[in-house]
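Undergrad: Sharing start-v9.pdb (PDB, C-alpha atoms) below.
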```
ATOM      1  CA  MET A  20      -3.218  29.075  88.662
ATOM      2  CA  PRO A  21      -0.061  30.735  87.307
ATOM      3  CA  SER A  22       2.708  31.395  89.765
ATOM      4  CA  LEU A  23       6.304  32.502  90.054
ATOM      5  CA  ASN A  24       9.117  30.207  91.108
ATOM      6  CA  GLU A  25      11.688  31.270  93.710
ATOM      7  CA  PHE A  26      14.057  32.472  91.020
ATOM      8  CA  GLN A  27      11.416  34.666  89.395
ATOM      9  CA  LEU A  28      10.316  35.964  92.794
ATOM     10  CA  ASP A  29      13.937  36.966  93.338
ATOM     11  CA  ALA A  30      13.750  38.927  90.114
ATOM     12  CA  LEU A  31      10.531  40.561  91.290
ATOM     13  CA  ARG A  32      12.305  41.530  94.529
ATOM     14  CA  GLU A  33      14.986  43.153  92.411
ATOM     15  CA  VAL A  34      12.306  45.019  90.465
ATOM     16  CA  GLY A  35      11.016  46.196  93.848
ATOM     17  CA  ASN A  36      14.485  47.339  94.937
ATOM     18  CA  VAL A  37      15.160  49.242  91.727
ATOM     19  CA  GLY A  38      11.680  50.782  91.852
ATOM     20  CA  ALA A  39      12.166  51.803  95.488
ATOM     21  CA  GLY A  40      15.520  53.356  94.557
ATOM     22  CA  ASN A  41      13.869  55.345  91.752
ATOM     23  CA  ALA A  42      11.071  56.419  94.070
ATOM     24  CA  ALA A  43      13.516  57.459  96.827
ATOM     25  CA  THR A  44      15.364  59.722  94.390
ATOM     26  CA  ALA A  45      12.084  61.137  93.099
ATOM     27  CA  LEU A  46      10.636  61.790  96.573
ATOM     28  CA  SER A  47      13.879  63.293  97.875
ATOM     29  CA  GLN A  48      13.862  65.701  94.920
ATOM     30  CA  LEU A  49      10.216  66.480  95.476
ATOM     31  CA  THR A  50      10.512  67.269  99.158
ATOM     32  CA  GLY A  51      14.060  68.603  99.261
ATOM     33  CA  GLN A  52      14.876  66.217 102.120
ATOM     34  CA  ARG A  53      16.433  62.796 102.256
ATOM     35  CA  ILE A  54      13.867  60.022 101.973
ATOM     36  CA  ASP A  55      14.970  56.403 102.050
ATOM     37  CA  LEU A  56      12.870  53.564 100.768
ATOM     38  CA  SER A  57      13.485  49.897 101.297
ATOM     39  CA  VAL A  58      11.501  46.907 100.156
ATOM     40  CA  SER A  59      10.458  44.787 103.122
ATOM     41  CA  LYS A  60       8.349  42.208 101.309
ATOM     42  CA  VAL A  61       7.601  41.074  97.782
ATOM     43  CA  CYS A  62       5.120  38.304  97.115
ATOM     44  CA  VAL A  63       2.225  37.059  95.045
ATOM     45  CA  LEU A  64      -0.932  36.896  97.168
ATOM     46  CA  PRO A  65      -4.381  35.401  96.554
ATOM     47  CA  THR A  66      -6.866  38.295  96.441
ATOM     48  CA  ASP A  67      -8.807  36.901  99.408
ATOM     49  CA  ALA A  68      -5.676  37.236 101.569
ATOM     50  CA  ILE A  69      -5.102  40.930 100.772
ATOM     51  CA  ALA A  70      -7.246  42.353 103.585
ATOM     52  CA  GLU A  71      -5.288  40.322 106.139
ATOM     53  CA  PHE A  72      -2.038  41.581 104.608
ATOM     54  CA  LEU A  73      -3.314  45.162 105.013
ATOM     55  CA  GLY A  74      -3.769  44.613 108.737
ATOM     56  CA  GLY A  75      -7.248  43.052 108.744
ATOM     57  CA  SER A  76     -10.588  43.767 107.052
ATOM     58  CA  ASP A  77     -11.486  46.600 109.397
ATOM     59  CA  SER A  78      -8.103  48.330 109.510
ATOM     60  CA  ASN A  79      -8.296  51.974 108.474
ATOM     61  CA  VAL A  80      -6.273  52.745 105.399
ATOM     62  CA  ALA A  81      -5.840  55.327 102.698
ATOM     63  CA  SER A  82      -5.487  54.004  99.199
ATOM     64  CA  VAL A  83      -4.422  55.589  95.946
ATOM     65  CA  CYS A  84      -6.048  53.681  93.115
ATOM     66  CA  LEU A  85      -4.793  53.907  89.526
ATOM     67  CA  PRO A  86      -6.034  52.056  86.449
ATOM     68  CA  VAL A  87      -3.187  50.493  84.459
ATOM     69  CA  TYR A  88      -3.098  49.640  80.787
ATOM     70  CA  GLY A  89      -0.642  48.590  78.095
ATOM     71  CA  ASP A  90       0.889  45.100  78.156
ATOM     72  CA  VAL A  91      -0.854  44.505  81.485
ATOM     73  CA  THR A  92      -4.306  45.839  82.312
ATOM     74  CA  GLY A  93      -5.865  46.079  85.732
ATOM     75  CA  LEU A  94      -5.521  48.242  88.802
ATOM     76  CA  VAL A  95      -2.750  49.396  91.052
ATOM     77  CA  LEU A  96      -3.573  50.169  94.674
ATOM     78  CA  VAL A  97      -1.069  51.872  96.948
ATOM     79  CA  PHE A  98      -2.078  51.587 100.606
ATOM     80  CA  PHE A  99      -0.942  53.721 103.524
ATOM     81  CA  PRO A 100      -2.071  53.133 107.137
ATOM     82  CA  LEU A 101      -4.457  55.944 108.048
ATOM     83  CA  ASP A 102      -2.576  56.665 111.283
ATOM     84  CA  GLN A 103       0.521  57.551 109.224
ATOM     85  CA  ILE A 104      -1.227  59.936 106.859
ATOM     86  CA  ASN A 105      -0.338  63.059 108.798
ATOM     87  CA  GLU A 106       3.351  62.092 108.821
ATOM     88  CA  LEU A 107       3.204  61.498 105.084
ATOM     89  CA  THR A 108       1.544  64.808 104.287
ATOM     90  CA  ARG A 109       4.013  66.639 106.539
ATOM     91  CA  MET A 110       6.820  64.947 104.622
ATOM     92  CA  LEU A 111       5.318  66.060 101.307
ATOM     93  CA  LEU A 112       4.285  69.549 102.391
ATOM     94  CA  PRO A 113       6.809  70.595 105.039
ATOM     95  CA  ASN A 114       6.086  74.336 104.904
ATOM     96  CA  PHE A 115       2.375  74.244 104.463
ATOM     97  CA  THR A 116      -0.331  74.839 107.038
ATOM     98  CA  PRO A 117      -3.348  73.042 105.662
ATOM     99  CA  VAL A 118      -6.994  73.869 106.272
ATOM    100  CA  PRO A 119      -8.550  70.435 106.858
ATOM    101  CA  GLY A 120     -11.798  69.444 105.156
ATOM    102  CA  PRO A 121     -14.544  67.293 106.714
ATOM    103  CA  ASP A 122     -12.477  64.111 106.415
ATOM    104  CA  GLY A 123      -9.510  65.686 108.178
ATOM    105  CA  LEU A 124      -7.416  66.399 105.097
ATOM    106  CA  SER A 125      -7.222  69.512 102.955
ATOM    107  CA  ASP A 126      -7.486  69.352  99.156
ATOM    108  CA  ILE A 127      -3.801  70.025  98.715
ATOM    109  CA  GLU A 128      -2.892  67.183 101.110
ATOM    110  CA  LYS A 129      -5.132  64.802  99.195
ATOM    111  CA  SER A 130      -3.538  65.948  95.965
ATOM    112  CA  ALA A 131      -0.083  65.358  97.486
ATOM    113  CA  LEU A 132      -1.057  61.826  98.562
ATOM    114  CA  ARG A 133      -2.395  61.051  95.088
ATOM    115  CA  GLU A 134       0.935  62.220  93.653
ATOM    116  CA  LEU A 135       2.827  60.070  96.154
ATOM    117  CA  GLY A 136       0.836  57.033  94.994
ATOM    118  CA  SER A 137       1.452  58.027  91.411
ATOM    119  CA  ILE A 138       5.209  58.436  91.922
ATOM    120  CA  LEU A 139       5.559  55.076  93.676
ATOM    121  CA  THR A 140       3.519  53.418  90.921
ATOM    122  CA  GLY A 141       5.528  55.069  88.140
ATOM    123  CA  ALA A 142       8.762  54.008  89.853
ATOM    124  CA  TYR A 143       7.748  50.345  90.133
ATOM    125  CA  LEU A 144       6.219  50.164  86.657
ATOM    126  CA  SER A 145       9.281  51.685  85.035
ATOM    127  CA  ALA A 146      11.498  49.216  86.937
ATOM    128  CA  LEU A 147       9.306  46.408  85.603
ATOM    129  CA  PHE A 148       9.751  47.774  82.088
ATOM    130  CA  ARG A 149      13.529  47.858  82.478
ATOM    131  CA  PHE A 150      13.685  44.303  83.755
ATOM    132  CA  ILE A 151      11.198  42.377  81.677
ATOM    133  CA  ASN A 152      10.367  44.831  78.905
ATOM    134  CA  ILE A 153       6.698  45.007  79.844
ATOM    135  CA  GLN A 154       5.196  48.420  79.226
ATOM    136  CA  ILE A 155       2.512  49.368  81.739
ATOM    137  CA  LEU A 156       1.112  52.893  81.863
ATOM    138  CA  HIS A 157      -1.099  54.273  84.589
ATOM    139  CA  GLY A 158      -4.117  56.550  84.497
ATOM    140  CA  VAL A 159      -5.429  59.222  86.841
ATOM    141  CA  PRO A 160      -4.979  58.433  90.560
ATOM    142  CA  GLU A 161      -7.906  58.468  92.985
ATOM    143  CA  LEU A 162      -7.674  58.633  96.769
ATOM    144  CA  VAL A 163     -10.000  56.633  99.000
ATOM    145  CA  MET A 164      -9.973  56.459 102.794
ATOM    146  CA  ASP A 165     -11.914  53.631 104.384
ATOM    147  CA  MET A 166     -11.594  50.199 105.947
ATOM    148  CA  ALA A 167      -9.392  47.823 103.975
ATOM    149  CA  GLN A 168     -12.147  45.388 103.016
ATOM    150  CA  ALA A 169     -14.535  48.147 101.942
ATOM    151  CA  ILE A 170     -11.917  49.572  99.589
ATOM    152  CA  LEU A 171     -11.075  46.143  98.194
ATOM    153  CA  ASP A 172     -14.738  45.303  97.633
ATOM    154  CA  SER A 173     -15.352  48.543  95.764
ATOM    155  CA  VAL A 174     -12.303  48.260  93.503
ATOM    156  CA  LEU A 175     -12.483  44.551  92.815
ATOM    157  CA  VAL A 176     -15.914  44.907  91.227
ATOM    158  CA  GLU A 177     -14.393  47.444  88.810
ATOM    159  CA  LEU A 178     -12.184  44.749  87.325
ATOM    160  CA  GLU A 179     -14.256  42.898  84.789
ATOM    161  CA  GLU A 180     -12.427  39.613  84.866
ATOM    162  CA  LYS A 181      -9.843  39.758  87.556
ATOM    163  CA  GLU A 182      -7.137  37.270  88.330
ATOM    164  CA  ASP A 183      -7.250  35.733  91.791
ATOM    165  CA  LEU A 184      -3.730  36.848  92.505
ATOM    166  CA  ALA A 185      -2.098  40.164  93.233
ATOM    167  CA  ILE A 186       1.552  41.175  93.046
ATOM    168  CA  VAL A 187       2.522  42.872  96.265
ATOM    169  CA  ILE A 188       5.487  45.081  97.149
ATOM    170  CA  GLU A 189       5.721  46.385 100.707
ATOM    171  CA  THR A 190       7.987  49.383 101.159
ATOM    172  CA  GLU A 191       9.262  51.241 104.192
ATOM    173  CA  LEU A 192       9.753  54.971 103.804
ATOM    174  CA  ILE A 193      12.112  56.691 106.201
ATOM    175  CA  ALA A 194      12.161  60.472 106.432
ATOM    176  CA  GLN A 195      13.672  62.407 109.336
ATOM    177  CA  ASN A 196      13.940  59.246 111.435
ATOM    178  CA  LYS A 197      10.253  58.500 111.018
ATOM    179  CA  LYS A 198       9.298  55.184 109.525
ATOM    180  CA  MET A 199       6.223  54.844 107.323
ATOM    181  CA  THR A 200       4.849  51.952 105.315
ATOM    182  CA  SER A 201       3.324  51.667 101.904
ATOM    183  CA  LYS A 202       1.885  48.585 100.278
ATOM    184  CA  PHE A 203       1.801  48.468  96.490
ATOM    185  CA  LEU A 204      -0.606  45.995  94.883
ATOM    186  CA  LEU A 205      -0.951  45.207  91.206
ATOM    187  CA  LEU A 206      -4.306  43.549  90.506
ATOM    188  CA  PRO A 207      -4.217  42.315  86.933
ATOM    189  CA  GLU A 208      -7.220  41.546  84.741
ATOM    190  CA  ALA A 209      -7.649  38.071  83.279
ATOM    191  CA  GLY A 210      -4.798  37.090  80.993
ATOM    192  CA  SER A 211      -2.490  39.862  82.195
ATOM    193  CA  LEU A 212      -0.869  37.882  84.982
ATOM    194  CA  GLU A 213       0.049  35.108  82.606
ATOM    195  CA  ARG A 214       1.593  37.659  80.220
ATOM    196  CA  LEU A 215       3.524  39.111  83.123
ATOM    197  CA  PHE A 216       4.778  35.737  84.315
ATOM    198  CA  LYS A 217       5.660  34.725  80.761
ATOM    199  CA  ALA A 218       7.702  37.915  80.390
ATOM    200  CA  PHE A 219       9.571  37.050  83.589
ATOM    201  CA  ALA A 220      10.193  33.538  82.309
ATOM    202  CA  ASN A 221      11.341  34.795  78.885
ATOM    203  CA  THR A 222      13.697  37.368  80.326
ATOM    204  CA  LEU A 223      15.192  35.128  82.953
ATOM    205  CA  GLY A 224      15.086  31.739  81.287
ATOM    206  CA  LEU A 225      15.290  28.715  83.515
ATOM    207  CA  PRO A 226      16.517  29.021  87.107
ATOM    208  CA  GLY A 227      20.285  29.219  87.104
ATOM    209  CA  ASN A 228      20.513  30.619  83.577
ATOM    210  CA  GLY A 229      20.018  34.245  84.574
TER
ATOM    211  CA  MET B  14       7.624  92.288  81.243
ATOM    212  CA  ALA B  15       7.372  88.879  82.888
ATOM    213  CA  GLN B  16       6.707  85.978  80.585
ATOM    214  CA  ARG B  17       3.247  84.514  81.045
ATOM    215  CA  VAL B  18       2.725  80.846  81.832
ATOM    216  CA  LEU B  19      -0.407  78.675  81.904
ATOM    217  CA  LEU B  20      -0.294  75.549  84.113
ATOM    218  CA  VAL B  21      -2.407  72.527  83.183
ATOM    219  CA  ASP B  22      -2.270  69.656  85.690
ATOM    220  CA  ASP B  23      -5.024  67.829  87.535
ATOM    221  CA  ALA B  24      -2.924  67.711  90.710
ATOM    222  CA  SER B  25      -3.236  70.957  92.657
ATOM    223  CA  PHE B  26      -0.146  69.841  94.590
ATOM    224  CA  MET B  27       1.920  69.766  91.396
ATOM    225  CA  ARG B  28       0.518  73.109  90.230
ATOM    226  CA  MET B  29       1.489  74.610  93.578
ATOM    227  CA  MET B  30       5.043  73.288  93.259
ATOM    228  CA  LEU B  31       5.404  74.585  89.706
ATOM    229  CA  LYS B  32       3.927  77.922  90.702
ATOM    230  CA  ASN B  33       6.474  78.307  93.496
ATOM    231  CA  ILE B  34       9.377  77.444  91.207
ATOM    232  CA  LEU B  35       8.276  79.706  88.348
ATOM    233  CA  ALA B  36       7.047  82.673  90.371
ATOM    234  CA  GLY B  37      10.328  82.614  92.308
ATOM    235  CA  ALA B  38      12.187  82.972  88.997
ATOM    236  CA  GLY B  39      10.092  85.931  87.851
ATOM    237  CA  TYR B  40       7.530  84.245  85.593
ATOM    238  CA  GLU B  41       3.878  85.236  85.800
ATOM    239  CA  ILE B  42       1.361  82.420  86.246
ATOM    240  CA  VAL B  43      -1.633  83.701  84.299
ATOM    241  CA  GLY B  44      -3.899  80.703  84.718
ATOM    242  CA  GLU B  45      -4.368  77.173  85.982
ATOM    243  CA  ALA B  46      -6.470  74.353  84.583
ATOM    244  CA  GLU B  47      -7.131  70.846  85.884
ATOM    245  CA  ASN B  48      -7.736  69.105  82.581
ATOM    246  CA  GLY B  49      -6.893  69.386  78.906
ATOM    247  CA  ALA B  50     -10.248  70.807  77.822
ATOM    248  CA  LYS B  51     -10.053  73.684  80.322
ATOM    249  CA  GLY B  52      -6.416  74.151  79.329
ATOM    250  CA  ILE B  53      -7.387  74.708  75.668
ATOM    251  CA  GLU B  54     -10.111  77.143  76.693
ATOM    252  CA  LEU B  55      -7.742  79.140  78.880
ATOM    253  CA  TYR B  56      -5.026  79.058  76.227
ATOM    254  CA  LYS B  57      -7.371  80.698  73.742
ATOM    255  CA  THR B  58      -8.487  83.445  76.112
ATOM    256  CA  LEU B  59      -5.204  84.116  77.940
ATOM    257  CA  LYS B  60      -2.747  83.609  75.061
ATOM    258  CA  PRO B  61       0.182  82.744  77.370
ATOM    259  CA  ASP B  62       3.804  82.635  76.208
ATOM    260  CA  LEU B  63       4.136  79.088  77.511
ATOM    261  CA  VAL B  64       1.915  76.195  78.592
ATOM    262  CA  ILE B  65       3.160  73.558  81.019
ATOM    263  CA  MET B  66       0.964  70.521  80.471
ATOM    264  CA  ASP B  67       0.586  67.251  82.347
ATOM    265  CA  ILE B  68       0.060  64.131  80.200
ATOM    266  CA  ILE B  69      -2.368  62.056  82.269
ATOM    267  CA  MET B  70      -5.467  64.001  83.308
ATOM    268  CA  PRO B  71      -9.167  63.186  83.628
ATOM    269  CA  GLU B  72     -11.668  64.188  80.926
ATOM    270  CA  MET B  73      -9.043  65.270  78.401
ATOM    271  CA  GLY B  74      -5.388  64.346  78.680
ATOM    272  CA  GLY B  75      -2.394  66.459  77.727
ATOM    273  CA  ILE B  76      -1.622  64.888  74.349
ATOM    274  CA  ASP B  77      -5.050  65.682  72.879
ATOM    275  CA  ALA B  78      -4.888  69.154  74.387
ATOM    276  CA  VAL B  79      -1.472  69.878  72.824
ATOM    277  CA  ARG B  80      -2.814  68.782  69.450
ATOM    278  CA  GLU B  81      -5.730  71.236  69.765
ATOM    279  CA  ILE B  82      -3.591  74.094  71.018
ATOM    280  CA  VAL B  83      -1.069  73.674  68.197
ATOM    281  CA  LYS B  84      -3.954  73.493  65.728
ATOM    282  CA  ALA B  85      -5.222  76.839  67.048
ATOM    283  CA  ASN B  86      -1.725  78.352  67.071
ATOM    284  CA  PRO B  87       1.092  76.492  65.296
ATOM    285  CA  MET B  88       3.609  78.708  67.141
ATOM    286  CA  ALA B  89       2.302  77.660  70.586
ATOM    287  CA  LYS B  90       4.966  76.665  73.072
ATOM    288  CA  VAL B  91       3.958  73.707  75.198
ATOM    289  CA  LEU B  92       6.209  71.927  77.682
ATOM    290  CA  MET B  93       4.985  68.501  78.783
ATOM    291  CA  CYS B  94       5.221  67.017  82.283
ATOM    292  CA  SER B  95       5.627  63.281  82.330
ATOM    293  CA  SER B  96       5.985  60.785  85.139
ATOM    294  CA  MET B  97       8.570  58.042  85.314
ATOM    295  CA  GLY B  98       7.874  55.274  82.830
ATOM    296  CA  GLN B  99       5.872  57.370  80.378
ATOM    297  CA  GLN B 100       8.519  57.582  77.643
ATOM    298  CA  SER B 101       6.179  56.334  74.933
ATOM    299  CA  LEU B 102       3.632  59.023  75.808
ATOM    300  CA  VAL B 103       6.314  61.715  75.724
ATOM    301  CA  VAL B 104       7.185  60.723  72.152
ATOM    302  CA  GLU B 105       3.503  60.964  71.246
ATOM    303  CA  ALA B 106       3.241  64.398  72.869
ATOM    304  CA  ILE B 107       6.267  65.706  70.955
ATOM    305  CA  GLN B 108       4.734  64.382  67.735
ATOM    306  CA  ALA B 109       1.520  66.190  68.677
ATOM    307  CA  GLY B 110       3.471  69.471  68.831
ATOM    308  CA  ALA B 111       4.975  69.792  72.322
ATOM    309  CA  LYS B 112       8.416  71.432  72.342
ATOM    310  CA  ASP B 113      10.051  69.575  75.217
ATOM    311  CA  PHE B 114       9.268  67.701  78.430
ATOM    312  CA  ILE B 115      10.149  67.601  82.128
ATOM    313  CA  VAL B 116       9.891  64.545  84.343
ATOM    314  CA  LYS B 117       7.948  64.570  87.620
ATOM    315  CA  PRO B 118       8.779  65.131  90.364
ATOM    316  CA  PHE B 119      10.295  68.442  89.445
ATOM    317  CA  GLN B 120      13.727  69.690  90.257
ATOM    318  CA  PRO B 121      13.619  73.489  90.142
ATOM    319  CA  SER B 122      16.805  73.768  88.069
ATOM    320  CA  ASN B 123      15.498  71.323  85.440
ATOM    321  CA  VAL B 124      12.150  73.103  85.229
ATOM    322  CA  LEU B 125      13.719  76.510  84.797
ATOM    323  CA  GLU B 126      16.198  75.256  82.233
ATOM    324  CA  ALA B 127      13.462  73.583  80.163
ATOM    325  CA  VAL B 128      11.194  76.652  80.423
ATOM    326  CA  LYS B 129      13.992  78.952  79.289
ATOM    327  CA  LYS B 130      14.924  76.659  76.411
ATOM    328  CA  THR B 131      11.325  76.328  75.251
ATOM    329  CA  LEU B 132      10.668  80.067  75.424
ATOM    330  CA  ASN B 133      13.818  80.860  73.464
TER
END
```
As structure tokens, please, write out the structure in this file.

TA:
Amino acid sequence: MPSLNEFQLDALREVGNVGAGNAATALSQLTGQRIDLSVSKVCVLPTDAIAEFLGGSDSNVASVCLPVYGDVTGLVLVFFPLDQINELTRMLLPNFTPVPGPDGLSDIEKSALRELGSILTGAYLSALFRFINIQILHGVPELVMDMAQAILDSVLVELEEKEDLAIVIETELIAQNKKMTSKFLLLPEAGSLERLFKAFANTLGLPGNG
Amino acid sequence: MAQRVLLVDDASFMRMMLKNILAGAGYEIVGEAENGAKGIELYKTLKPDLVIMDIIMPEMGGIDAVREIVKANPMAKVLMCSSMGQQSLVVEAIQAGAKDFIVKPFQPSNVLEAVKKTLN
């Protein structure tokens, strides 16, 4: 099973930091208020440990799911705890009084959450491109609200030949003294993870050479 | 008379933001579409002065739509919206006939500057 050494994980953390910086600028521009983002965790997780990382199989989450293609193919999932969704939509739509639909969110709030997932994904993928010259583009975002395991089960079957590992970046968003969490997961298809790890190795060389 | 703009983006949130920025600066939003195919259709019926077009959309994306619009009217003015990390797609869109691009999320001043430049 391919993996990253400590040195390469350090580089991935840096990718996370640069991506979070890009995303903070983007979200602050979008909302017209200061939004800070900091990376609290970066790791490579076996796919069967993801649900636990999301707070347990039956934890309620919202997820923005985006297909990715280019040098790496697979899926990106951006998770938000369901109990923070209202804070997030208020952050994105400060002057808007939404008319909620049957699932508690209005169309415009769902659209805003999809864009938030898309912005975070674009920020991390462009940071990855800057660091290791890997070009990954993303497709149309979809929003799903369900229990963590149910979402994972439904998206994992979409990947034809998935790797058993996911790259994970956990980010804290702070807006108006409120702290929110997002968890970014890149689930690569077979072969993609190796390409990704090889690109890290090529860019960074051996530990100590970087 | 206000210049007429057609917005093509699958995200209603982004269309709302663009609408607020443009309407506040005196532009008239004559139509909205959520994919490239509907964008082409509306372009042909509404004949707007400017189209603001997202790149990644379901059914038909922005690059194919620009190609079709420019085929129908070589003088068409289309401004692309790209997200971070989509530089290669922006190049493709410009080759397909788009005049310029703006990067999401939008800063009102950048949008208005790009719109003005494209229209002139």

Undergrad: Based on only C-alpha atoms, which of the residues in chain A come within 10 Å of chain B? I want them as a VMD selection string.

TA: chain A and resid 41 to 42 44 to 51 111 to 112 126 to 135 137 to 149 154 to 160

Undergrad: Give as JSON, numbers by chain the set of residues within 9 Å of the point (-4.4, 52.6, 113.2), where distances use the file's coordinates and all atoms listed in the file.

TA: {"A": [78, 79, 80, 100, 101, 102, 103]}

Undergrad: What's the separation between CA of Val63 in chain A and CA of Leu107 in chain A, in Å to one decimal place?

TA: 26.4 Å

Undergrad: Select all residues near (9.2, 47.7, 101.5) (cut-off 7 Å, inclusive, file coordinates), counting only C-alpha atoms, and output them as a list in words.

TA: Leu56, Ser57, Val58, Ser59, Lys60, Ile188, Glu189, Thr190 and Glu191 of chain A

Undergrad: Please provide as a PyMOL selection string all residues within 10 Å of Ala169 in chain A, with the sequence filter that same-chain residues fewer than 5 positions apart are discarded (counting only C-alpha atoms).

TA: chain A and resi 70+76-79+164+174

Undergrad: Residues at most 10 Å from Leu55 in chain B, counting only C-alpha atoms, excluding those fewer than 6 positions away in the same chain, as number ranges by chain?

TA: B: 19-21, 43-46, 49, 61

Undergrad: Could you dump the residues just selected with C-alpha atoms as a short mmCIF file (atom, residue, chain, number, x, y, z; two decimals), keeping the file's coordinate frame?

TA:
```cif
data_model
loop_
_atom_site.label_atom_id
_atom_site.label_comp_id
_atom_site.auth_asym_id
_atom_site.auth_seq_id
_atom_site.Cartn_x
_atom_site.Cartn_y
_atom_site.Cartn_z
CA LEU B 19 -0.41 78.68 81.90
CA LEU B 20 -0.29 75.55 84.11
CA VAL B 21 -2.41 72.53 83.18
CA VAL B 43 -1.63 83.70 84.30
CA GLY B 44 -3.90 80.70 84.72
CA GLU B 45 -4.37 77.17 85.98
CA ALA B 46 -6.47 74.35 84.58
CA GLY B 49 -6.89 69.39 78.91
CA PRO B 61 0.18 82.74 77.37
#
```

Undergrad: Out of B:Ala50, B:Val64, B:Ala36, B:Val128, which residue has the shortest atom-to-atom distance to Ala89 in chain B when counting all atoms listed in the file?

TA: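 Smallest distance to Ala89 in chain B is found for B:Val64.
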
Undergrad: In Å, rounded to a single decimal, give me how far CA of Met66 in chain B is from CA of Asn133 in chain B.

TA: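 Distance reported for this atom pair: 17.9 Å.
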
Undergrad: Report, in Å with one decimal, the straight-line distance from CA of Cys84 in chain A to CA of Ile65 in chain B.

TA: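 If I compute the distance from CA of Cys84 in chain A to CA of Ile65 in chain B, I get 25.0 Å.
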